[in-house]
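Peer 1: model-v5.pdb (PDB, C-alpha atoms) pasted underneath:
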ATOM      1  CA  MET A   1     -53.035  -4.166 157.160
ATOM      2  CA  LYS A   2     -52.864  -3.366 153.464
ATOM      3  CA  ALA A   3     -56.159  -3.919 151.622
ATOM      4  CA  GLN A   4     -56.139  -6.125 148.515
ATOM      5  CA  LEU A   5     -57.558  -4.979 145.206
ATOM      6  CA  PRO A   6     -60.220  -7.443 144.027
ATOM      7  CA  SER A   7     -59.840  -9.212 140.675
ATOM      8  CA  MET A   8     -61.377  -7.717 137.533
ATOM      9  CA  LEU A   9     -62.501 -11.228 136.553
ATOM     10  CA  ARG A  10     -65.248 -11.397 139.175
ATOM     11  CA  ASP A  11     -68.536 -13.079 138.163
ATOM     12  CA  GLU A  12     -70.474  -9.811 138.398
ATOM     13  CA  LEU A  13     -68.131  -7.910 136.055
ATOM     14  CA  PHE A  14     -68.747 -10.006 132.925
ATOM     15  CA  HIS A  15     -72.184  -8.412 132.583
ATOM     16  CA  PRO A  16     -71.030  -4.791 132.131
ATOM     17  CA  ALA A  17     -68.273  -6.061 129.819
ATOM     18  CA  VAL A  18     -70.917  -7.618 127.541
ATOM     19  CA  ALA A  19     -74.121  -5.596 128.019
ATOM     20  CA  HIS A  20     -73.081  -2.353 126.331
ATOM     21  CA  PHE A  21     -72.830  -4.031 122.913
ATOM     22  CA  PRO A  22     -76.476  -5.201 122.693
ATOM     23  CA  ILE A  23     -77.624  -1.877 124.167
ATOM     24  CA  ALA A  24     -75.906  -0.065 121.299
ATOM     25  CA  PHE A  25     -76.951  -2.543 118.573
ATOM     26  CA  LEU A  26     -80.575  -2.940 119.658
ATOM     27  CA  ALA A  27     -81.029   0.787 120.288
ATOM     28  CA  LEU A  28     -79.719   1.448 116.773
ATOM     29  CA  SER A  29     -81.933  -1.252 115.242
ATOM     30  CA  GLY A  30     -85.082   0.813 115.897
ATOM     31  CA  ALA A  31     -83.733   3.787 113.931
ATOM     32  CA  LEU A  32     -82.496   1.538 111.109
ATOM     33  CA  ALA A  33     -85.894  -0.193 110.931
ATOM     34  CA  LEU A  34     -87.621   3.188 110.561
ATOM     35  CA  PHE A  35     -85.131   4.067 107.818
ATOM     36  CA  TRP A  36     -85.903   0.752 106.065
ATOM     37  CA  LEU A  37     -89.656   1.356 106.469
ATOM     38  CA  VAL A  38     -89.465   4.751 104.775
ATOM     39  CA  THR A  39     -86.754   4.192 102.141
ATOM     40  CA  LYS A  40     -86.757   0.375 101.640
ATOM     41  CA  ARG A  41     -82.979   0.612 101.975
ATOM     42  CA  GLY A  42     -80.474  -0.619 104.552
ATOM     43  CA  LEU A  43     -81.991  -4.067 105.141
ATOM     44  CA  SER A  44     -78.624  -5.876 105.137
ATOM     45  CA  THR A  45     -77.211  -3.462 107.710
ATOM     46  CA  LEU A  46     -80.378  -3.740 109.800
ATOM     47  CA  LEU A  47     -80.221  -7.537 109.732
ATOM     48  CA  LEU A  48     -76.557  -7.569 110.768
ATOM     49  CA  ILE A  49     -77.081  -5.047 113.584
ATOM     50  CA  ALA A  50     -80.172  -6.884 114.862
ATOM     51  CA  LEU A  51     -78.334 -10.230 114.722
ATOM     52  CA  LEU A  52     -75.411  -8.830 116.716
ATOM     53  CA  GLY A  53     -77.879  -7.248 119.151
ATOM     54  CA  VAL A  54     -79.776 -10.499 119.708
ATOM     55  CA  VAL A  55     -76.611 -12.562 120.223
ATOM     56  CA  GLY A  56     -75.204  -9.913 122.571
ATOM     57  CA  GLY A  57     -78.581  -9.647 124.294
ATOM     58  CA  TRP A  58     -78.681 -13.337 125.196
ATOM     59  CA  LEU A  59     -75.082 -13.137 126.421
ATOM     60  CA  GLY A  60     -76.154 -10.121 128.485
ATOM     61  CA  ILE A  61     -79.000 -12.123 130.038
ATOM     62  CA  LEU A  62     -76.633 -15.018 130.807
ATOM     63  CA  THR A  63     -74.008 -12.814 132.447
ATOM     64  CA  GLY A  64     -76.738 -10.748 134.130
ATOM     65  CA  GLY A  65     -77.833 -13.900 135.949
ATOM     66  CA  TRP A  66     -74.297 -14.320 137.292
ATOM     67  CA  ALA A  67     -74.184 -10.699 138.454
ATOM     68  CA  GLU A  68     -77.661 -10.756 140.013
ATOM     69  CA  ASP A  69     -76.644 -13.411 142.505
ATOM     70  CA  VAL A  70     -73.821 -11.243 143.825
ATOM     71  CA  VAL A  71     -75.412  -7.821 143.545
ATOM     72  CA  ASN A  72     -78.865  -8.498 145.033
ATOM     73  CA  ARG A  73     -77.325  -9.679 148.293
ATOM     74  CA  VAL A  74     -75.841  -6.244 149.004
ATOM     75  CA  ILE A  75     -77.745  -3.454 147.254
ATOM     76  CA  CYS A  76     -80.496  -1.524 149.041
ATOM     77  CA  ASP A  77     -83.272  -1.981 146.466
ATOM     78  CA  PRO A  78     -83.204  -5.283 144.543
ATOM     79  CA  THR A  79     -86.547  -4.439 142.900
ATOM     80  CA  VAL A  80     -84.555  -2.223 140.508
ATOM     81  CA  THR A  81     -82.614  -5.324 139.388
ATOM     82  CA  GLN A  82     -85.895  -7.123 138.742
ATOM     83  CA  GLU A  83     -87.203  -4.232 136.617
ATOM     84  CA  HIS A  84     -83.854  -4.019 134.799
ATOM     85  CA  GLU A  85     -84.046  -7.736 134.022
ATOM     86  CA  LYS A  86     -87.703  -7.542 132.951
ATOM     87  CA  TRP A  87     -87.170  -4.777 130.378
ATOM     88  CA  ALA A  88     -83.958  -6.337 129.066
ATOM     89  CA  GLU A  89     -85.762  -9.662 128.574
ATOM     90  CA  TRP A  90     -88.648  -7.940 126.773
ATOM     91  CA  GLY A  91     -86.163  -6.328 124.395
ATOM     92  CA  VAL A  92     -84.195  -9.503 123.733
ATOM     93  CA  TRP A  93     -87.258 -11.742 123.308
ATOM     94  CA  VAL A  94     -89.008  -9.341 120.899
ATOM     95  CA  SER A  95     -85.842  -8.761 118.869
ATOM     96  CA  SER A  96     -85.316 -12.537 118.724
ATOM     97  CA  GLY A  97     -88.840 -12.839 117.329
ATOM     98  CA  VAL A  98     -88.215 -10.108 114.749
ATOM     99  CA  LEU A  99     -84.935 -11.635 113.550
ATOM    100  CA  PRO A 100     -86.573 -14.408 111.426
ATOM    101  CA  LEU A 101     -88.849 -11.747 109.886
ATOM    102  CA  LEU A 102     -85.789  -9.739 108.895
ATOM    103  CA  ALA A 103     -84.047 -12.847 107.547
ATOM    104  CA  PHE A 104     -87.148 -13.690 105.474
ATOM    105  CA  ALA A 105     -87.257 -10.139 104.082
ATOM    106  CA  TRP A 106     -83.553 -10.336 103.259
ATOM    107  CA  PHE A 107     -83.997 -13.601 101.314
ATOM    108  CA  ARG A 108     -86.890 -11.960  99.434
ATOM    109  CA  ARG A 109     -85.048  -8.690  98.982
ATOM    110  CA  LYS A 110     -85.328  -8.778  95.174
ATOM    111  CA  ARG A 111     -89.125  -9.176  95.291
ATOM    112  CA  GLY A 112     -89.499  -7.004  98.403
ATOM    113  CA  VAL A 113     -92.025  -7.147 101.234
ATOM    114  CA  THR A 114     -95.196  -5.157 101.865
ATOM    115  CA  VAL A 115     -95.243  -1.869 103.722
ATOM    116  CA  ALA A 116     -97.314  -3.510 106.485
ATOM    117  CA  TYR A 117     -94.573  -6.113 106.916
ATOM    118  CA  ARG A 118     -91.909  -3.412 107.188
ATOM    119  CA  ALA A 119     -94.127  -1.426 109.560
ATOM    120  CA  LEU A 120     -94.570  -4.458 111.831
ATOM    121  CA  VAL A 121     -90.799  -4.917 111.991
ATOM    122  CA  ALA A 122     -90.230  -1.197 112.566
ATOM    123  CA  VAL A 123     -92.788  -0.898 115.373
ATOM    124  CA  SER A 124     -91.361  -4.002 117.063
ATOM    125  CA  LEU A 125     -87.787  -2.764 116.847
ATOM    126  CA  VAL A 126     -88.712   0.732 118.057
ATOM    127  CA  PHE A 127     -90.257  -0.996 121.093
ATOM    128  CA  VAL A 128     -87.035  -3.032 121.459
ATOM    129  CA  SER A 129     -84.968   0.175 121.355
ATOM    130  CA  GLY A 130     -87.112   1.749 124.059
ATOM    131  CA  SER A 131     -87.076  -1.284 126.334
ATOM    132  CA  ILE A 132     -83.336  -1.789 125.975
ATOM    133  CA  LEU A 133     -82.571   1.877 126.628
ATOM    134  CA  TYR A 134     -84.811   1.815 129.703
ATOM    135  CA  ALA A 135     -83.108  -1.393 130.889
ATOM    136  CA  GLY A 136     -79.760   0.384 130.378
ATOM    137  CA  HIS A 137     -80.993   3.360 132.402
ATOM    138  CA  LEU A 138     -81.982   1.017 135.265
ATOM    139  CA  GLY A 139     -78.589  -0.693 135.011
ATOM    140  CA  ALA A 140     -76.917   2.710 135.359
ATOM    141  CA  SER A 141     -79.139   3.435 138.356
ATOM    142  CA  LEU A 142     -77.984   0.177 139.975
ATOM    143  CA  VAL A 143     -74.352   1.152 139.551
ATOM    144  CA  TYR A 144     -74.395   4.903 140.181
ATOM    145  CA  GLN A 145     -77.120   5.086 142.845
ATOM    146  CA  GLN A 146     -76.644   1.782 144.628
ATOM    147  CA  GLY A 147     -72.988   0.965 143.889
ATOM    148  CA  ALA A 148     -73.864  -2.451 142.443
ATOM    149  CA  ALA A 149     -70.714  -4.540 141.828
ATOM    150  CA  VAL A 150     -68.580  -1.516 142.640
ATOM    151  CA  TYR A 151     -65.522  -1.976 144.847
ATOM    152  CA  LYS A 152     -65.120   0.768 147.433
ATOM    153  CA  PRO A 153     -61.428   1.612 148.012
ATOM    154  CA  SER A 154     -60.112   1.737 151.566
ATOM    155  CA  PRO A 155     -60.043   5.236 153.179
ATOM    156  CA  GLN A 156     -56.303   5.606 152.670
ATOM    157  CA  CYS A 157     -56.230   3.854 149.239
ATOM    158  CA  THR A 158     -53.381   1.653 150.479
ATOM    159  CA  GLU A 159     -54.239  -1.103 147.985
ATOM    160  CA  PHE A 160     -53.139   1.235 145.165
ATOM    161  CA  GLU A 161     -49.701   1.814 146.634
ATOM    162  CA  ASP A 162     -46.662  -0.064 145.310
TER     163      ASP A 162
ATOM    164  CA  MET B 163     -96.397  27.050 192.923
ATOM    165  CA  GLN B 164     -93.562  28.772 191.104
ATOM    166  CA  THR B 165     -91.327  28.309 194.131
ATOM    167  CA  SER B 166     -91.989  24.581 194.362
ATOM    168  CA  SER B 167     -91.211  24.053 190.647
ATOM    169  CA  ARG B 168     -87.971  26.019 191.041
ATOM    170  CA  ARG B 169     -87.080  23.851 194.040
ATOM    171  CA  PHE B 170     -87.762  20.721 191.985
ATOM    172  CA  ALA B 171     -85.614  22.000 189.087
ATOM    173  CA  SER B 172     -82.748  22.915 191.410
ATOM    174  CA  LEU B 173     -83.027  19.494 193.080
ATOM    175  CA  LEU B 174     -82.719  17.795 189.665
ATOM    176  CA  PHE B 175     -80.078  19.918 187.976
ATOM    177  CA  VAL B 176     -78.049  21.516 190.774
ATOM    178  CA  SER B 177     -77.684  18.788 193.412
ATOM    179  CA  SER B 178     -75.370  15.891 192.585
ATOM    180  CA  PHE B 179     -78.138  13.448 193.504
ATOM    181  CA  GLY B 180     -80.513  15.095 191.048
ATOM    182  CA  ARG B 181     -77.907  15.183 188.267
ATOM    183  CA  SER B 182     -77.197  11.507 188.720
ATOM    184  CA  ILE B 183     -80.945  10.744 188.362
ATOM    185  CA  VAL B 184     -81.172  12.843 185.174
ATOM    186  CA  PHE B 185     -78.098  11.219 183.606
ATOM    187  CA  SER B 186     -79.258   7.726 184.586
ATOM    188  CA  ALA B 187     -82.666   8.362 183.009
ATOM    189  CA  PHE B 188     -80.985   9.651 179.845
ATOM    190  CA  PHE B 189     -78.650   6.618 179.714
ATOM    191  CA  VAL B 190     -81.476   4.093 180.192
ATOM    192  CA  GLY B 191     -83.572   5.927 177.583
ATOM    193  CA  ALA B 192     -80.703   5.848 175.077
ATOM    194  CA  ILE B 193     -80.236   2.087 175.548
ATOM    195  CA  PHE B 194     -83.986   1.502 175.207
ATOM    196  CA  PHE B 195     -84.036   3.565 171.996
ATOM    197  CA  GLN B 196     -81.101   1.628 170.521
ATOM    198  CA  VAL B 197     -82.660  -1.750 171.348
ATOM    199  CA  SER B 198     -85.943  -0.605 169.770
ATOM    200  CA  ALA B 199     -84.130   0.654 166.672
ATOM    201  CA  ALA B 200     -82.209  -2.625 166.317
ATOM    202  CA  HIS B 201     -85.447  -4.616 166.231
ATOM    203  CA  ALA B 202     -87.414  -2.148 164.107
ATOM    204  CA  ALA B 203     -85.865  -3.582 160.930
ATOM    205  CA  LEU B 204     -87.088  -7.127 161.531
ATOM    206  CA  VAL B 205     -90.136  -8.124 159.490
ATOM    207  CA  THR B 206     -92.150 -11.337 159.292
ATOM    208  CA  ILE B 207     -93.546 -12.742 156.077
ATOM    209  CA  GLU B 208     -95.856 -15.723 155.829
ATOM    210  CA  GLY B 209     -96.359 -17.100 152.357
ATOM    211  CA  THR B 210     -95.825 -19.781 149.749
ATOM    212  CA  ILE B 211     -92.562 -20.649 148.018
ATOM    213  CA  ASP B 212     -92.838 -19.736 144.340
ATOM    214  CA  LYS B 213     -89.362 -20.836 143.267
ATOM    215  CA  VAL B 214     -86.276 -22.417 144.799
ATOM    216  CA  VAL B 215     -82.811 -21.806 143.309
ATOM    217  CA  PRO B 216     -80.470 -24.211 145.146
ATOM    218  CA  ALA B 217     -77.361 -23.100 143.209
ATOM    219  CA  LYS B 218     -77.801 -19.544 144.507
ATOM    220  CA  ARG B 219     -79.344 -20.580 147.859
ATOM    221  CA  GLU B 220     -82.236 -18.345 146.947
ATOM    222  CA  ILE B 221     -86.020 -18.623 147.280
ATOM    223  CA  TYR B 222     -88.918 -16.538 146.008
ATOM    224  CA  VAL B 223     -91.854 -16.263 148.404
ATOM    225  CA  LEU B 224     -95.333 -15.095 147.430
ATOM    226  CA  ALA B 225     -96.991 -13.170 150.263
ATOM    227  CA  ASP B 226     -99.509 -10.320 150.386
ATOM    228  CA  GLY B 227     -99.658 -10.223 146.588
ATOM    229  CA  LYS B 228     -95.905  -9.605 146.332
ATOM    230  CA  LYS B 229     -93.022 -11.802 145.259
ATOM    231  CA  HIS B 230     -90.148 -11.537 147.753
ATOM    232  CA  GLU B 231     -86.640 -12.522 146.685
ATOM    233  CA  LEU B 232     -84.662 -14.001 149.567
ATOM    234  CA  TYR B 233     -81.002 -14.952 149.530
ATOM    235  CA  PHE B 234     -79.827 -17.246 152.300
ATOM    236  CA  SER B 235     -76.576 -16.425 154.064
ATOM    237  CA  ASP B 236     -74.438 -18.566 156.365
ATOM    238  CA  LYS B 237     -76.323 -17.040 159.280
ATOM    239  CA  THR B 238     -79.826 -17.857 157.986
ATOM    240  CA  GLU B 239     -81.544 -20.374 160.233
ATOM    241  CA  LEU B 240     -83.795 -22.917 158.483
ATOM    242  CA  VAL B 241     -86.086 -24.921 160.748
ATOM    243  CA  LYS B 242     -89.028 -27.310 160.625
ATOM    244  CA  GLY B 243     -90.916 -28.032 163.841
ATOM    245  CA  GLY B 244     -88.178 -26.289 165.774
ATOM    246  CA  GLN B 245     -85.441 -28.544 164.355
ATOM    247  CA  PRO B 246     -82.796 -27.321 161.899
ATOM    248  CA  VAL B 247     -83.144 -28.763 158.384
ATOM    249  CA  ALA B 248     -81.120 -28.630 155.150
ATOM    250  CA  PHE B 249     -81.851 -26.221 152.274
ATOM    251  CA  GLU B 250     -83.019 -29.215 150.164
ATOM    252  CA  PHE B 251     -86.164 -29.407 152.340
ATOM    253  CA  LEU B 252     -87.453 -26.250 150.669
ATOM    254  CA  LYS B 253     -89.901 -27.112 147.890
ATOM    255  CA  THR B 254     -92.049 -25.058 145.536
ATOM    256  CA  LYS B 255     -95.564 -24.404 146.936
ATOM    257  CA  GLY B 256     -94.303 -25.103 150.469
ATOM    258  CA  LYS B 257     -95.541 -22.727 153.149
ATOM    259  CA  VAL B 258     -92.964 -20.729 155.070
ATOM    260  CA  LYS B 259     -92.760 -18.127 157.797
ATOM    261  CA  VAL B 260     -89.771 -15.881 157.225
ATOM    262  CA  THR B 261     -88.238 -13.505 159.736
ATOM    263  CA  ALA B 262     -86.016 -11.120 157.811
ATOM    264  CA  ASP B 263     -83.905  -8.075 158.421
ATOM    265  CA  LYS B 264     -85.204  -5.272 156.213
ATOM    266  CA  VAL B 265     -82.311  -3.244 154.811
ATOM    267  CA  GLY B 266     -83.697  -0.580 152.514
ATOM    268  CA  LYS B 267     -85.949  -2.688 150.278
ATOM    269  CA  ARG B 268     -83.722  -5.747 150.620
ATOM    270  CA  LEU B 269     -84.793  -8.615 152.860
ATOM    271  CA  ASP B 270     -82.031 -10.652 154.507
ATOM    272  CA  PRO B 271     -83.636 -13.813 155.913
ATOM    273  CA  VAL B 272     -82.638 -14.432 159.520
ATOM    274  CA  LYS B 273     -84.957 -17.374 160.176
ATOM    275  CA  VAL B 274     -87.067 -19.437 157.773
ATOM    276  CA  GLU B 275     -89.613 -21.818 159.273
ATOM    277  CA  LEU B 276     -91.256 -24.514 157.175
ATOM    278  CA  VAL B 277     -94.961 -24.542 158.018
ATOM    279  CA  ASP B 278     -96.946 -27.596 156.940
TER     280      ASP B 278
END
If you took the structure in this file and wrote it as C-alpha cells, what would it be?

Peer 2:
Amino acid sequence: MKAQLPSMLRDELFHPAVAHFPIAFLALSGALALFWLVTKRGLSTLLLIALLGVVGGWLGILTGGWAEDVVNRVICDPTVTQEHEKWAEWGVWVSSGVLPLLAFAWFRRKRGVTVAYRALVAVSLVFVSGSILYAGHLGASLVYQQGAAVYKPSPQCTEFED
Amino acid sequence: MQTSSRRFASLLFVSSFGRSIVFSAFFVGAIFFQVSAAHAALVTIEGTIDKVVPAKREIYVLADGKKHELYFSDKTELVKGGQPVAFEFLKTKGKVKVTADKVGKRLDPVKVELVD
C-alpha cells in the first residue's frame, strides 16, 4: 500500500514556521542594546527589533503549546521540551518587560536617558539574547536528535512517487 | 574425574537426548529473558496531581521531588476503587498511583489509580 505524505499544515509545524523570527530579532536586540549603551545611537532600530521580537516571541509560545502536545507523546526525552519552553519564556517575559523601558526612552529621545538606564536595558537584552539562543539550541536538539515533529518517509519512499 | 566430565559433555552435546535438553533450556531461557525485558520498562509513581489539562488529556504529577508529565492515550486505564472512571474525575491535589511504561525518559501511563 502506498504511504501518504502528511500535510504541512499540521498543528506542530506552525511553531517552526514562527519561532525563527523572534530568535533572530531577540538575539539581535542584545547586540543593538550594547551599541545603544556605548554610542547612544540606534534606539529606533532597537525598539523596532525588540517589538518584533516580543510579538514573535508570544506567537512562538502560543504555537509551541500546540506543538508540545503532539511532540511530547512520541519523543524519548520530553524534559528537553520543558527546558526549551522555560528558556524561551524567560527570554520573552524579560523582553516584554524591557519593551516599555525602550518606548519610554524613545519618547524622551531628545532629552536622553541616563547611562544606568541604558545599562539596565542592555544587560536585560543581553540576557534575553542568551536565553533565546539557548532555547533555539534546545529546539534544534529536539528536532535533530529526537526527530520531534519530523515525518519519517517509508523505506521505499513510495509516497513521493507520482 | 576428567572422564566423568567428558561423559557428561558428550551426553549433553553428542546424544540427541542431550541436545534436545540443551536446546529446550536455551529456548525457555530466551522466553524468560524476553518476558523480563518486556516488564523492565514498567514503573510505578505515587504522588499528587499538580495540574490537569483536559484539552490535551494530560496531567502533571508531583512525586519524589519531581514533576512528571503524563499524556493519556486511548489505552490508558483510569480507575477509582477498581472501577473505571472518566478523565473529569482527575482533580488538582488528588492523589494517584500511576503505572507507566518508561520509554527513554518519557512516561506513557498504562494505568492511573485515584487514591483517596

Peer 1: Residues of chain B that approach chain A to 8 Å or less, counting all atoms listed in the file: could you list each one with the shortest pair of atoms and its distance in Å to one decimal, rows by chain and increasing residue number, as JSON lines?

Peer 2:
{"residue": "B:Lys218", "atom": "CA", "partner": "A:Asp69", "partner_atom": "CA", "distance": 6.6}
{"residue": "B:Tyr233", "atom": "CA", "partner": "A:Arg73", "partner_atom": "CA", "distance": 6.5}
{"residue": "B:Val265", "atom": "CA", "partner": "A:Cys76", "partner_atom": "CA", "distance": 6.3}
{"residue": "B:Gly266", "atom": "CA", "partner": "A:Cys76", "partner_atom": "CA", "distance": 4.8}
{"residue": "B:Lys267", "atom": "CA", "partner": "A:Asp77", "partner_atom": "CA", "distance": 4.7}
{"residue": "B:Arg268", "atom": "CA", "partner": "A:Cys76", "partner_atom": "CA", "distance": 5.5}
{"residue": "B:Asp270", "atom": "CA", "partner": "A:Arg73", "partner_atom": "CA", "distance": 7.9}

Peer 1: Specify as number ranges by chain each residue included when the PyMOL selection byres ((chain A and resi 119) around 12) is applied to this file.

Peer 2: A: 30, 33-40, 98, 101-102, 113-118, 120-126

Peer 1: Please compute the atom CA of A:Leu138-atom CA of A:His20 distance, one decimal, in Å.

Peer 2: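 Result for atom CA of A:Leu138 versus atom CA of A:His20: 13.1 Å, one decimal.
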
Peer 1: Quick one: pull the distance between atom CA of A:His84 and atom CA of A:Ala135, Å, one decimal.

Peer 2: 4.8 Å

Peer 1: How many Å separate atom CA of B:Thr238 from atom CA of A:Leu142?

Peer 2: 25.6 Å

Peer 1: Residue by residue, what does the PyMOL selection byres ((chain B and resi 209-214) around 9) grab here? Present the result as an mmCIF file with C-alpha atoms, in the coordinates of the input.

Peer 2:
data_model
loop_
_atom_site.group_PDB
_atom_site.id
_atom_site.type_symbol
_atom_site.label_atom_id
_atom_site.label_comp_id
_atom_site.auth_asym_id
_atom_site.auth_seq_id
_atom_site.Cartn_x
_atom_site.Cartn_y
_atom_site.Cartn_z
ATOM 1 C CA ILE B 207 -93.546 -12.742 156.077
ATOM 2 C CA GLU B 208 -95.856 -15.723 155.829
ATOM 3 C CA VAL B 215 -82.811 -21.806 143.309
ATOM 4 C CA PRO B 216 -80.470 -24.211 145.146
ATOM 5 C CA LYS B 218 -77.801 -19.544 144.507
ATOM 6 C CA ARG B 219 -79.344 -20.580 147.859
ATOM 7 C CA GLU B 220 -82.236 -18.345 146.947
ATOM 8 C CA ILE B 221 -86.020 -18.623 147.280
ATOM 9 C CA TYR B 222 -88.918 -16.538 146.008
ATOM 10 C CA VAL B 223 -91.854 -16.263 148.404
ATOM 11 C CA LEU B 224 -95.333 -15.095 147.430
ATOM 12 C CA ALA B 225 -96.991 -13.170 150.263
ATOM 13 C CA ASP B 226 -99.509 -10.320 150.386
ATOM 14 C CA LYS B 229 -93.022 -11.802 145.259
ATOM 15 C CA LEU B 252 -87.453 -26.250 150.669
ATOM 16 C CA LYS B 253 -89.901 -27.112 147.890
ATOM 17 C CA THR B 254 -92.049 -25.058 145.536
ATOM 18 C CA LYS B 255 -95.564 -24.404 146.936
ATOM 19 C CA GLY B 256 -94.303 -25.103 150.469
ATOM 20 C CA LYS B 257 -95.541 -22.727 153.149
ATOM 21 C CA VAL B 258 -92.964 -20.729 155.070
ATOM 22 C CA LYS B 259 -92.760 -18.127 157.797
ATOM 23 C CA VAL B 260 -89.771 -15.881 157.225
#

Peer 1: Using the chain letters and numbers from the file, which residues does the PyMOL selection byres ((chain A and resi 133) around 10) grab, as a compact mmCIF listing (two decimals) with C-alpha atoms, in the frame of the given file?

Peer 2:
# COMPACT_ATOMS: atom_id res chain seq x y z
CA ILE A 23 -77.62 -1.88 124.17
CA ALA A 24 -75.91 -0.06 121.30
CA LEU A 26 -80.58 -2.94 119.66
CA ALA A 27 -81.03 0.79 120.29
CA TRP A 87 -87.17 -4.78 130.38
CA ALA A 88 -83.96 -6.34 129.07
CA GLY A 91 -86.16 -6.33 124.40
CA PHE A 127 -90.26 -1.00 121.09
CA VAL A 128 -87.04 -3.03 121.46
CA SER A 129 -84.97 0.18 121.36
CA GLY A 130 -87.11 1.75 124.06
CA SER A 131 -87.08 -1.28 126.33
CA ILE A 132 -83.34 -1.79 125.98
CA TYR A 134 -84.81 1.82 129.70
CA ALA A 135 -83.11 -1.39 130.89
CA GLY A 136 -79.76 0.38 130.38
CA HIS A 137 -80.99 3.36 132.40
CA LEU A 138 -81.98 1.02 135.26
CA GLY A 139 -78.59 -0.69 135.01

Peer 1: Within 12 Å of B:Gly244, counting only C-alpha atoms, which residues qualify if same-chain residues fewer than 2 places away don't, as a ChimeraX atom specification?

Peer 2: /B:239-242,246-247,273-277

Peer 1: For A:Lys86, which residue out of A:Ile61, A:Val18, A:Leu28, A:Val55 is the nearest one, using all atoms listed in the file?

Peer 2: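 Selected residue with least distance to A:Lys86: A:Ile61.
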
Peer 1: Of the residues B:Val205, B:Pro271, B:Asp278, B:Asp263, which is the one nearest to B:Ser235, using all atoms listed in the file?

Peer 2: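 Ranking B:Val205, B:Pro271, B:Asp278, B:Asp263 by distance to B:Ser235, first place goes to B:Pro271.
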
Peer 1: For A:Val92, please output as a PyMOL selection string all residues within 7 Å (counting only C-alpha atoms; exclusion window: fewer than 2 positions along the same chain).

Peer 2: chain A and resi 54+57-58+88-90+94-96
